[in-house]
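Raw contents of final-v5.json, JSON, C-alpha atoms:
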[["chain", "number", "residue", "atom", "x", "y", "z"],
["Y", 1, "MET", "CA", 14.53, -5.70, 11.50],
["Y", 2, "ASP", "CA", 15.39, -4.19, 14.87],
["Y", 3, "THR", "CA", 14.09, -5.76, 18.07],
["Y", 4, "ASP", "CA", 12.89, -2.37, 19.32],
["Y", 5, "LEU", "CA", 9.30, -1.56, 18.34],
["Y", 6, "ARG", "CA", 10.03, 2.16, 18.06],
["Y", 7, "VAL", "CA", 13.04, 1.63, 15.81],
["Y", 8, "ARG", "CA", 11.06, -0.65, 13.49],
["Y", 9, "SER", "CA", 8.19, 1.82, 13.35],
["Y", 10, "GLU", "CA", 10.46, 4.78, 12.61],
["Y", 11, "SER", "CA", 12.18, 2.83, 9.85],
["Y", 12, "LEU", "CA", 8.84, 1.96, 8.29],
["Y", 13, "SER", "CA", 7.89, 5.62, 8.50],
["Y", 14, "ARG", "CA", 11.03, 6.54, 6.55],
["Y", 15, "LEU", "CA", 10.05, 4.11, 3.81],
["Y", 16, "HIS", "CA", 6.69, 5.83, 3.51],
["Y", 17, "HIS", "CA", 7.73, 9.45, 3.96],
["Y", 18, "VAL", "CA", 11.27, 9.62, 2.58],
["Y", 19, "VAL", "CA", 11.90, 6.78, 0.12],
["Y", 20, "HIS", "CA", 8.41, 6.91, -1.43],
["Y", 21, "HIS", "CA", 6.86, 10.16, -0.26],
["Y", 22, "GLN", "CA", 3.29, 10.79, -1.52],
["Y", 23, "ASN", "CA", 3.58, 8.18, -4.28],
["Y", 24, "THR", "CA", 6.76, 9.73, -5.70],
["Y", 25, "LEU", "CA", 9.44, 7.39, -7.02],
["Y", 26, "TYR", "CA", 13.06, 8.31, -6.32],
["Y", 27, "THR", "CA", 16.39, 6.77, -7.30],
["Y", 28, "ALA", "CA", 16.43, 5.12, -3.85],
["Y", 29, "THR", "CA", 12.98, 3.57, -4.24],
["Y", 30, "ALA", "CA", 13.87, 0.57, -6.43],
["Y", 31, "PRO", "CA", 16.89, -0.54, -4.34],
["Y", 32, "ALA", "CA", 14.80, -0.18, -1.19],
["Y", 33, "ALA", "CA", 12.00, -2.20, -2.78],
["Y", 34, "LEU", "CA", 14.41, -5.03, -3.60],
["Y", 35, "TYR", "CA", 15.62, -5.04, -0.01],
["Y", 36, "VAL", "CA", 12.07, -5.09, 1.35],
["Y", 37, "ALA", "CA", 11.19, -7.94, -1.00],
["Y", 38, "GLY", "CA", 14.28, -9.80, 0.16],
["Y", 39, "ILE", "CA", 13.41, -9.68, 3.86],
["Y", 40, "LEU", "CA", 9.70, -10.54, 3.59],
["Y", 41, "GLY", "CA", 10.33, -14.16, 4.53],
["Y", 42, "ASP", "CA", 12.39, -13.32, 7.62],
["Y", 43, "ALA", "CA", 10.60, -14.27, 10.84],
["Y", 44, "ARG", "CA", 11.38, -10.85, 12.29],
["Y", 45, "THR", "CA", 8.88, -9.29, 9.88],
["Y", 46, "LEU", "CA", 6.16, -10.95, 11.94],
["Y", 47, "GLU", "CA", 6.82, -8.47, 14.74],
["Y", 48, "ALA", "CA", 4.41, -5.62, 15.41],
["Y", 49, "VAL", "CA", 4.80, -1.98, 14.35],
["Y", 50, "GLU", "CA", 3.05, 1.16, 15.48],
["Y", 51, "LYS", "CA", 0.01, 2.00, 13.33],
["Y", 52, "GLY", "CA", -1.26, 5.31, 12.03],
["Y", 53, "PRO", "CA", -4.96, 6.22, 12.26],
["Y", 54, "ASN", "CA", -5.65, 4.86, 8.77],
["Y", 55, "GLY", "CA", -3.19, 2.00, 8.76],
["Y", 56, "PHE", "CA", -3.98, -1.61, 7.91],
["Y", 57, "SER", "CA", -3.98, -4.31, 10.55],
["Y", 58, "GLY", "CA", -1.29, -6.95, 10.74],
["Y", 59, "PRO", "CA", 2.42, -7.35, 11.51],
["Y", 60, "LEU", "CA", 5.38, -5.59, 9.91],
["Y", 61, "ARG", "CA", 5.23, -8.07, 7.03],
["Y", 62, "ALA", "CA", 1.77, -6.84, 6.06],
["Y", 63, "GLU", "CA", 2.97, -3.24, 6.24],
["Y", 64, "LEU", "CA", 5.97, -4.02, 4.02],
["Y", 65, "LEU", "CA", 3.70, -5.71, 1.49],
["Y", 66, "GLY", "CA", 1.48, -2.65, 1.57],
["Y", 67, "TRP", "CA", 4.50, -0.45, 0.89],
["Y", 68, "LEU", "CA", 5.51, -2.58, -2.09],
["Y", 69, "ASP", "CA", 1.91, -2.33, -3.27],
["Y", 70, "SER", "CA", 2.15, 1.47, -3.20],
["Y", 71, "VAL", "CA", 5.50, 1.49, -5.00],
["Y", 72, "ALA", "CA", 4.24, -0.81, -7.75],
["Y", 73, "ASP", "CA", 1.04, 1.19, -8.03],
["Y", 74, "ALA", "CA", 3.09, 4.31, -8.78],
["Y", 75, "ALA", "CA", 4.54, 2.53, -11.82],
["Y", 76, "ASP", "CA", 1.48, 0.72, -13.17],
["Y", 77, "ASP", "CA", -0.26, 1.31, -16.50],
["Y", 78, "GLU", "CA", -2.62, 3.91, -15.08],
["Y", 79, "ALA", "CA", 0.25, 5.88, -13.55],
["Y", 80, "ALA", "CA", 2.10, 5.75, -16.87],
["Y", 81, "ALA", "CA", -0.95, 6.99, -18.77],
["Y", 82, "THR", "CA", -1.49, 9.83, -16.30],
["Y", 83, "SER", "CA", 2.15, 10.85, -16.54],
["Y", 84, "ARG", "CA", 2.00, 10.98, -20.34],
["Y", 85, "ARG", "CA", -1.25, 12.94, -20.26],
["Y", 86, "PHE", "CA", 0.47, 15.66, -18.29],
["Y", 87, "GLY", "CA", 3.47, 15.74, -20.60],
["Y", 88, "PHE", "CA", 5.90, 13.60, -18.60],
["Y", 89, "PRO", "CA", 6.81, 10.42, -20.53],
["Y", 90, "PRO", "CA", 7.44, 7.80, -17.80],
["Y", 91, "GLU", "CA", 10.08, 6.06, -19.88],
["Y", 92, "GLU", "CA", 12.20, 9.20, -19.52],
["Y", 93, "TYR", "CA", 12.07, 9.08, -15.71],
["Y", 94, "PRO", "CA", 14.75, 6.62, -14.46],
["Y", 95, "PRO", "CA", 13.07, 5.78, -11.10],
["Y", 96, "PHE", "CA", 9.86, 4.80, -12.94],
["Y", 97, "VAL", "CA", 11.83, 2.65, -15.38],
["Y", 98, "ALA", "CA", 13.73, 1.04, -12.50],
["Y", 99, "ILE", "CA", 10.54, -0.06, -10.75],
["Y", 100, "CYS", "CA", 9.09, -1.44, -13.97],
["Y", 101, "ARG", "CA", 12.27, -3.42, -14.54],
["Y", 102, "ILE", "CA", 12.08, -5.20, -11.18],
["Y", 103, "ARG", "CA", 8.36, -6.01, -11.20],
["Y", 104, "PRO", "CA", 8.92, -9.73, -11.93],
["Y", 105, "GLN", "CA", 11.34, -9.96, -8.99],
["Y", 106, "LEU", "CA", 8.92, -8.18, -6.71],
["Y", 107, "PHE", "CA", 6.09, -10.45, -7.81],
["Y", 108, "HIS", "CA", 8.18, -13.54, -7.08],
["Y", 109, "ALA", "CA", 8.71, -12.32, -3.51],
["Y", 110, "VAL", "CA", 5.17, -11.08, -2.91],
["Y", 111, "SER", "CA", 3.37, -14.08, -4.40],
["Y", 112, "ALA", "CA", 5.01, -16.37, -1.82],
["Y", 113, "PHE", "CA", 2.44, -15.02, 0.67],
["Y", 114, "LEU", "CA", -0.73, -15.41, -1.38],
["Y", 115, "ASP", "CA", -1.74, -18.37, 0.79],
["Y", 116, "ASP", "CA", -0.29, -17.07, 4.04],
["Y", 117, "PRO", "CA", -2.17, -18.27, 7.16],
["Y", 118, "ASP", "CA", -2.22, -14.70, 8.49],
["Y", 119, "THR", "CA", -5.27, -13.11, 6.86],
["Y", 120, "ASP", "CA", -3.76, -9.61, 7.01],
["Y", 121, "VAL", "CA", -0.57, -10.73, 5.28],
["Y", 122, "ARG", "CA", -2.53, -12.70, 2.69],
["Y", 123, "ALA", "CA", -4.74, -9.73, 1.82],
["Y", 124, "ALA", "CA", -1.75, -7.39, 1.60],
["Y", 125, "ALA", "CA", 0.07, -9.82, -0.69],
["Y", 126, "ILE", "CA", -2.92, -10.22, -3.02],
["Y", 127, "SER", "CA", -3.36, -6.47, -3.22],
["Y", 128, "ALA", "CA", 0.35, -5.92, -3.90],
["Y", 129, "CYS", "CA", 0.18, -8.32, -6.84],
["Y", 130, "ILE", "CA", -2.44, -6.24, -8.65],
["Y", 131, "PRO", "CA", -0.18, -3.45, -9.99],
["Y", 132, "LEU", "CA", 2.70, -5.87, -10.54],
["Y", 133, "LEU", "CA", 0.55, -7.83, -13.01],
["Y", 134, "ASP", "CA", 0.62, -4.86, -15.39],
["Y", 135, "ASP", "CA", 4.06, -6.13, -16.37],
["Y", 136, "PRO", "CA", 3.91, -7.73, -19.85],
["Y", 137, "LEU", "CA", 5.63, -10.86, -18.54],
["Y", 138, "LEU", "CA", 2.98, -11.29, -15.84],
["Y", 139, "LEU", "CA", -0.26, -10.42, -17.61],
["Y", 140, "HIS", "CA", -1.15, -14.07, -18.10],
["Y", 141, "LEU", "CA", -1.40, -14.52, -14.31],
["Y", 142, "ARG", "CA", -4.35, -12.19, -13.87],
["Y", 143, "ASP", "CA", -6.97, -14.89, -14.37],
["Y", 144, "ALA", "CA", -5.34, -17.03, -11.68],
["Y", 145, "LEU", "CA", -5.36, -14.13, -9.21],
["Y", 146, "ALA", "CA", -8.91, -12.99, -9.97],
["Y", 147, "PRO", "CA", -10.63, -15.53, -7.65],
["Y", 148, "MET", "CA", -8.45, -14.32, -4.76],
["Y", 149, "LEU", "CA", -9.50, -10.74, -5.43],
["Y", 150, "ARG", "CA", -13.12, -11.79, -5.31],
["Y", 151, "ASP", "CA", -12.89, -14.16, -2.32],
["Y", 152, "VAL", "CA", -10.39, -12.30, -0.11],
["Y", 153, "LEU", "CA", -10.15, -8.63, -1.00],
["Y", 154, "ALA", "CA", -13.75, -8.02, -2.04],
["Y", 155, "THR", "CA", -14.97, -9.60, 1.19],
["Y", 156, "SER", "CA", -12.44, -7.80, 3.39],
["Y", 157, "GLU", "CA", -13.58, -5.49, 6.17],
["Y", 158, "ALA", "CA", -11.30, -2.80, 4.72],
["Y", 159, "TRP", "CA", -13.13, -0.68, 2.14],
["Y", 160, "ARG", "CA", -9.81, 0.06, 0.43],
["Y", 161, "TYR", "CA", -9.35, -3.63, -0.32],
["Y", 162, "GLN", "CA", -12.97, -3.94, -1.46],
["Y", 163, "GLU", "CA", -12.56, -1.01, -3.83],
["Y", 164, "ARG", "CA", -9.21, -2.25, -5.09],
["Y", 165, "ALA", "CA", -10.62, -5.67, -5.92],
["Y", 166, "ILE", "CA", -13.60, -4.26, -7.80],
["Y", 167, "ASP", "CA", -11.49, -1.79, -9.76],
["Y", 168, "ALA", "CA", -8.94, -4.43, -10.72],
["Y", 169, "LEU", "CA", -11.51, -7.04, -11.72],
["Y", 170, "THR", "CA", -13.30, -4.47, -13.83],
["Y", 171, "SER", "CA", -10.14, -3.37, -15.60],
["Y", 172, "TRP", "CA", -9.21, -7.02, -16.22],
["Y", 173, "GLY", "CA", -12.59, -7.66, -17.84],
["Y", 174, "HIS", "CA", -14.03, -9.84, -15.09],
["Y", 175, "ASP", "CA", -17.63, -9.79, -13.91],
["Y", 176, "THR", "CA", -18.11, -7.85, -10.67],
["Y", 177, "ALA", "CA", -21.82, -8.47, -10.27],
["Y", 178, "GLY", "CA", -22.77, -8.63, -6.60],
["Y", 179, "LEU", "CA", -19.61, -6.91, -5.43],
["Y", 180, "GLU", "CA", -19.74, -3.51, -3.79],
["Y", 181, "VAL", "CA", -17.83, -1.33, -1.40],
["Y", 182, "LEU", "CA", -19.74, -1.96, 1.81],
["Y", 183, "GLN", "CA", -18.41, 1.01, 3.76],
["Y", 184, "GLU", "CA", -18.57, 4.66, 2.84],
["Y", 185, "ARG", "CA", -14.99, 5.32, 1.83],
["Y", 186, "TYR", "CA", -14.91, 8.83, 3.27],
["Y", 187, "ALA", "CA", -16.88, 8.09, 6.42],
["Y", 188, "PHE", "CA", -13.83, 8.82, 8.56],
["Y", 189, "CYS", "CA", -13.89, 12.42, 7.28],
["Y", 190, "ASP", "CA", -17.27, 12.94, 8.93],
["Y", 191, "ALA", "CA", -16.40, 11.16, 12.16],
["Y", 192, "GLU", "CA", -16.38, 13.11, 15.40],
["Y", 193, "PRO", "CA", -12.87, 14.51, 15.93],
["Y", 194, "GLN", "CA", -10.91, 13.07, 18.82],
["Y", 195, "PRO", "CA", -10.17, 15.49, 21.70],
["Y", 196, "GLN", "CA", -6.74, 17.07, 21.44],
["Y", 197, "PRO", "CA", -4.57, 18.39, 24.26],
["Y", 198, "TRP", "CA", -5.07, 21.97, 23.10],
["Y", 199, "ASP", "CA", -8.88, 21.56, 23.31],
["Y", 200, "VAL", "CA", -8.73, 21.72, 27.10],
["Y", 201, "LYS", "CA", -9.47, 25.10, 28.69],
["Y", 202, "SER", "CA", -7.11, 26.48, 31.27],
["Y", 203, "GLN", "CA", -8.25, 27.49, 34.75],
["Y", 204, "ASP", "CA", -8.71, 31.12, 33.67],
["Y", 205, "GLY", "CA", -11.18, 30.03, 31.00],
["Y", 206, "CYS", "CA", -8.85, 30.53, 28.04],
["Y", 207, "ASP", "CA", -8.08, 27.83, 25.52],
["Y", 208, "THR", "CA", -4.58, 26.40, 25.75],
["Y", 209, "ALA", "CA", -2.45, 27.25, 22.75],
["Y", 210, "PRO", "CA", -2.26, 24.70, 19.94],
["Y", 211, "PRO", "CA", 1.15, 23.06, 19.34],
["Y", 212, "PHE", "CA", 2.13, 25.28, 16.39]]

Write-out of the structure in structure tokens:
Amino acid sequence: MDTDLRVRSESLSRLHHVVHHQNTLYTATAPAALYVAGILGDARTLEAVEKGPNGFSGPLRAELLGWLDSVADAADDEAAATSRRFGFPPEEYPPFVAICRIRPQLFHAVSAFLDDPDTDVRAAAISACIPLLDDPLLLHLRDALAPMLRDVLATSEAWRYQERAIDALTSWGHDTAGLEVLQERYAFCDAEPQPQPWDVKSQDGCDTAPPF
């Protein structure tokens, strides 16, 4: 919530790389998620943050919704099934249980932005609702959200949203005829690499040393 762009960006980075590193849930994740949900409506979340090369567009609010999406995704039905398949019952892992317990609260906060005038925020909110609707108390809301998946996410310019919409609609038993991921999802892997400082040759013809 800081007024300094760098401070906001570093704090967001800590959410991604410390509180929820590589989809792992920690004891700090659920309390942090409740805090993030609580500040979504604050006008300061409309400020900008620095973006990574594969980040989504939009203000801090969209980024926070995306983070909640990732947290909820790590505790959805598919994550639970995968955990059991590898011999780790999710119900025996307190951070997983904690996220599942607060899904209705998170949905209440996230769903307030389903009709947001900012298209980036709206898309992030719709996407964040998908894993939250695995909660038994929220299953009945899937049919109401399905048109938004089709009309907003499936038509998004972001292939990740397109894919997410198609996967969710399929798993919910909805028709996905005519929907497709319009961009090769791994196209960025084949893109020409950007020049790096260590690519420049020195005056004696030798490559400069890489920064490691």

(request) Do a neighbour search on Asp151 (chain Y) at 12 Å with only C-alpha atoms, toss out local chain neighbours closer than 3 positions, and write the hits as a list in words. (result) Thr119, Arg122, Ala123, Ile126, Leu145, Ala146, Pro147, Met148, Ala154, Thr155, Ser156, Tyr161, Gln162, Ala165, Ile166, Leu169, Thr176 and Leu179 of chain Y

(request) Could you tell me how far CA of Pro131 (chain Y) lies from CA of Asp76 (chain Y), in Å and to one decimal? (result)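 Calculated distance between CA of Pro131 (chain Y) and CA of Asp76 (chain Y) is 5.5 Å.
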
Could I get the residues of region 55-77 of chain Y with an atom no further than 12 Å from an atom of region 92-101 of chain Y, each paired with its nearest atom pair and that distance in Å to one decimal, using all atoms listed in the file, sorted by chain and residue number, as a Markdown table?
| residue | atom | partner | partner_atom | distance |
| --- | --- | --- | --- | --- |
| Y:Leu68 | CA | Y:Ile99 | CA | 10.3 |
| Y:Asp69 | CA | Y:Ile99 | CA | 11.6 |
| Y:Ser70 | CA | Y:Ile99 | CA | 11.4 |
| Y:Val71 | CA | Y:Ile99 | CA | 7.8 |
| Y:Ala72 | CA | Y:Ile99 | CA | 7.0 |
| Y:Asp73 | CA | Y:Ile99 | CA | 10.0 |
| Y:Ala74 | CA | Y:Phe96 | CA | 8.0 |
| Y:Ala75 | CA | Y:Phe96 | CA | 5.9 |
| Y:Asp76 | CA | Y:Cys100 | CA | 8.0 |
| Y:Asp77 | CA | Y:Cys100 | CA | 10.1 |

Those residues with C-alpha atoms, as a tab-separated table (two decimals), in the frame of the given file please?
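Output below, filename again.tsv:
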chain	number	residue	atom	x	y	z
Y	68	LEU	CA	5.51	-2.58	-2.09
Y	69	ASP	CA	1.91	-2.33	-3.27
Y	70	SER	CA	2.15	1.47	-3.20
Y	71	VAL	CA	5.50	1.49	-5.00
Y	72	ALA	CA	4.24	-0.81	-7.75
Y	73	ASP	CA	1.04	1.19	-8.03
Y	74	ALA	CA	3.09	4.31	-8.78
Y	75	ALA	CA	4.54	2.53	-11.82
Y	76	ASP	CA	1.48	0.72	-13.17
Y	77	ASP	CA	-0.26	1.31	-16.50

(message) As an exercise, work out the distance from CA of Val181 (chain Y) to CA of Glu157 (chain Y) in Å and give it to one decimal place.
(response)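 Straight-line distance from CA of Val181 (chain Y) to CA of Glu157 (chain Y) works out to 9.6 Å.
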
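Remark: for Ser111 (chain Y), the closest of the candidate residues Y:Leu15, Y:Ala37, Y:Thr45, Y:Arg85 is Y:Ala37 (distances computed over all atoms listed in the file).
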
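Atom pair CA of Val19 (chain Y) / CA of Leu40 (chain Y) has a distance of 17.8 Å (rounded to one decimal).
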
(request) Can you pull out every residue within 8 Å of Ala48 (chain Y), counting all atoms listed in the file, but drop anything in the same chain fewer than 6 positions away, and send it as a count of residues only? (result) 4

(message) So that I can check the surroundings of region 170-173 of chain Y, please list as a list of chain:residue names every protein, DNA and RNA residue that reaches within 12 Å of it, counting all atoms listed in the file and ignoring chain neighbours fewer than 5 positions away.
(response)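 Near region 170-173 of chain Y, the qualifying residues are Y:Asp77, Y:Glu78, Y:Ile130, Y:Pro131, Y:Leu133, Y:Asp134, Y:Leu139, Y:His140, Y:Leu141, Y:Arg142, Y:Asp143, Y:Ala144, Y:Leu145, Y:Ala146, Y:Leu149, Y:Arg150, Y:Glu163, Y:Arg164, Y:Ala165, Y:Leu179, Y:Glu180.
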
Repair of region 65-76 of chain Y at the level of all heavy atoms, as a compact mmCIF listing (two decimals), in the frame of the given file:
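Heads up, here's the output in rebuild.txt:
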# COMPACT_ATOMS: atom_id res chain seq x y z
N LEU Y 65 4.43 -5.35 2.72
CA LEU Y 65 3.70 -5.71 1.49
C LEU Y 65 2.86 -4.53 1.01
O LEU Y 65 2.78 -4.27 -0.20
CB LEU Y 65 2.82 -6.93 1.75
CG LEU Y 65 3.55 -8.27 1.85
CD1 LEU Y 65 2.65 -9.33 2.48
CD2 LEU Y 65 4.01 -8.73 0.46
N GLY Y 66 2.26 -3.83 1.94
CA GLY Y 66 1.48 -2.65 1.57
C GLY Y 66 2.35 -1.57 0.95
O GLY Y 66 1.93 -0.87 0.03
N TRP Y 67 3.57 -1.44 1.46
CA TRP Y 67 4.50 -0.45 0.89
C TRP Y 67 4.90 -0.83 -0.53
O TRP Y 67 4.91 0.00 -1.43
CB TRP Y 67 5.73 -0.33 1.78
CG TRP Y 67 6.68 0.74 1.31
CD1 TRP Y 67 6.56 2.09 1.50
CD2 TRP Y 67 7.88 0.55 0.55
NE1 TRP Y 67 7.62 2.74 0.90
CE2 TRP Y 67 8.44 1.82 0.32
CE3 TRP Y 67 8.53 -0.58 0.05
CZ2 TRP Y 67 9.63 2.00 -0.40
CZ3 TRP Y 67 9.72 -0.41 -0.66
CH2 TRP Y 67 10.25 0.87 -0.88
N LEU Y 68 5.19 -2.11 -0.74
CA LEU Y 68 5.51 -2.58 -2.09
C LEU Y 68 4.33 -2.38 -3.03
O LEU Y 68 4.50 -2.05 -4.21
CB LEU Y 68 5.92 -4.05 -2.05
CG LEU Y 68 7.27 -4.37 -1.42
CD1 LEU Y 68 7.48 -5.88 -1.32
CD2 LEU Y 68 8.41 -3.73 -2.21
N ASP Y 69 3.13 -2.57 -2.51
CA ASP Y 69 1.91 -2.33 -3.27
C ASP Y 69 1.89 -0.88 -3.75
O ASP Y 69 1.63 -0.59 -4.93
CB ASP Y 69 0.70 -2.62 -2.38
CG ASP Y 69 -0.62 -2.55 -3.11
OD1 ASP Y 69 -0.67 -2.12 -4.27
OD2 ASP Y 69 -1.64 -2.91 -2.49
N SER Y 70 2.16 0.05 -2.86
CA SER Y 70 2.15 1.47 -3.20
C SER Y 70 3.22 1.82 -4.22
O SER Y 70 2.99 2.59 -5.16
CB SER Y 70 2.32 2.31 -1.93
OG SER Y 70 2.29 3.69 -2.22
N VAL Y 71 4.40 1.24 -4.05
CA VAL Y 71 5.50 1.49 -5.00
C VAL Y 71 5.13 0.98 -6.39
O VAL Y 71 5.29 1.68 -7.39
CB VAL Y 71 6.79 0.80 -4.50
CG1 VAL Y 71 7.85 0.80 -5.59
CG2 VAL Y 71 7.32 1.52 -3.26
N ALA Y 72 4.62 -0.25 -6.46
CA ALA Y 72 4.24 -0.81 -7.75
C ALA Y 72 3.09 -0.04 -8.38
O ALA Y 72 3.03 0.13 -9.60
CB ALA Y 72 3.87 -2.28 -7.58
N ASP Y 73 2.19 0.43 -7.54
CA ASP Y 73 1.04 1.19 -8.03
C ASP Y 73 1.49 2.49 -8.70
O ASP Y 73 0.85 2.97 -9.62
CB ASP Y 73 0.10 1.50 -6.86
CG ASP Y 73 -1.28 1.88 -7.32
OD1 ASP Y 73 -1.89 1.11 -8.09
OD2 ASP Y 73 -1.77 2.95 -6.91
N ALA Y 74 2.58 3.06 -8.21
CA ALA Y 74 3.09 4.31 -8.78
C ALA Y 74 3.78 4.10 -10.12
O ALA Y 74 4.18 5.07 -10.78
CB ALA Y 74 4.07 4.96 -7.81
N ALA Y 75 3.91 2.83 -10.54
CA ALA Y 75 4.54 2.53 -11.82
C ALA Y 75 3.67 1.61 -12.67
O ALA Y 75 4.18 0.93 -13.56
CB ALA Y 75 5.91 1.90 -11.59
N ASP Y 76 2.36 1.59 -12.39
CA ASP Y 76 1.48 0.72 -13.17
C ASP Y 76 1.02 1.42 -14.45
O ASP Y 76 1.43 2.56 -14.73
CB ASP Y 76 0.29 0.23 -12.34
CG ASP Y 76 -0.68 1.35 -11.97
OD1 ASP Y 76 -0.45 2.52 -12.35
OD2 ASP Y 76 -1.69 1.05 -11.30
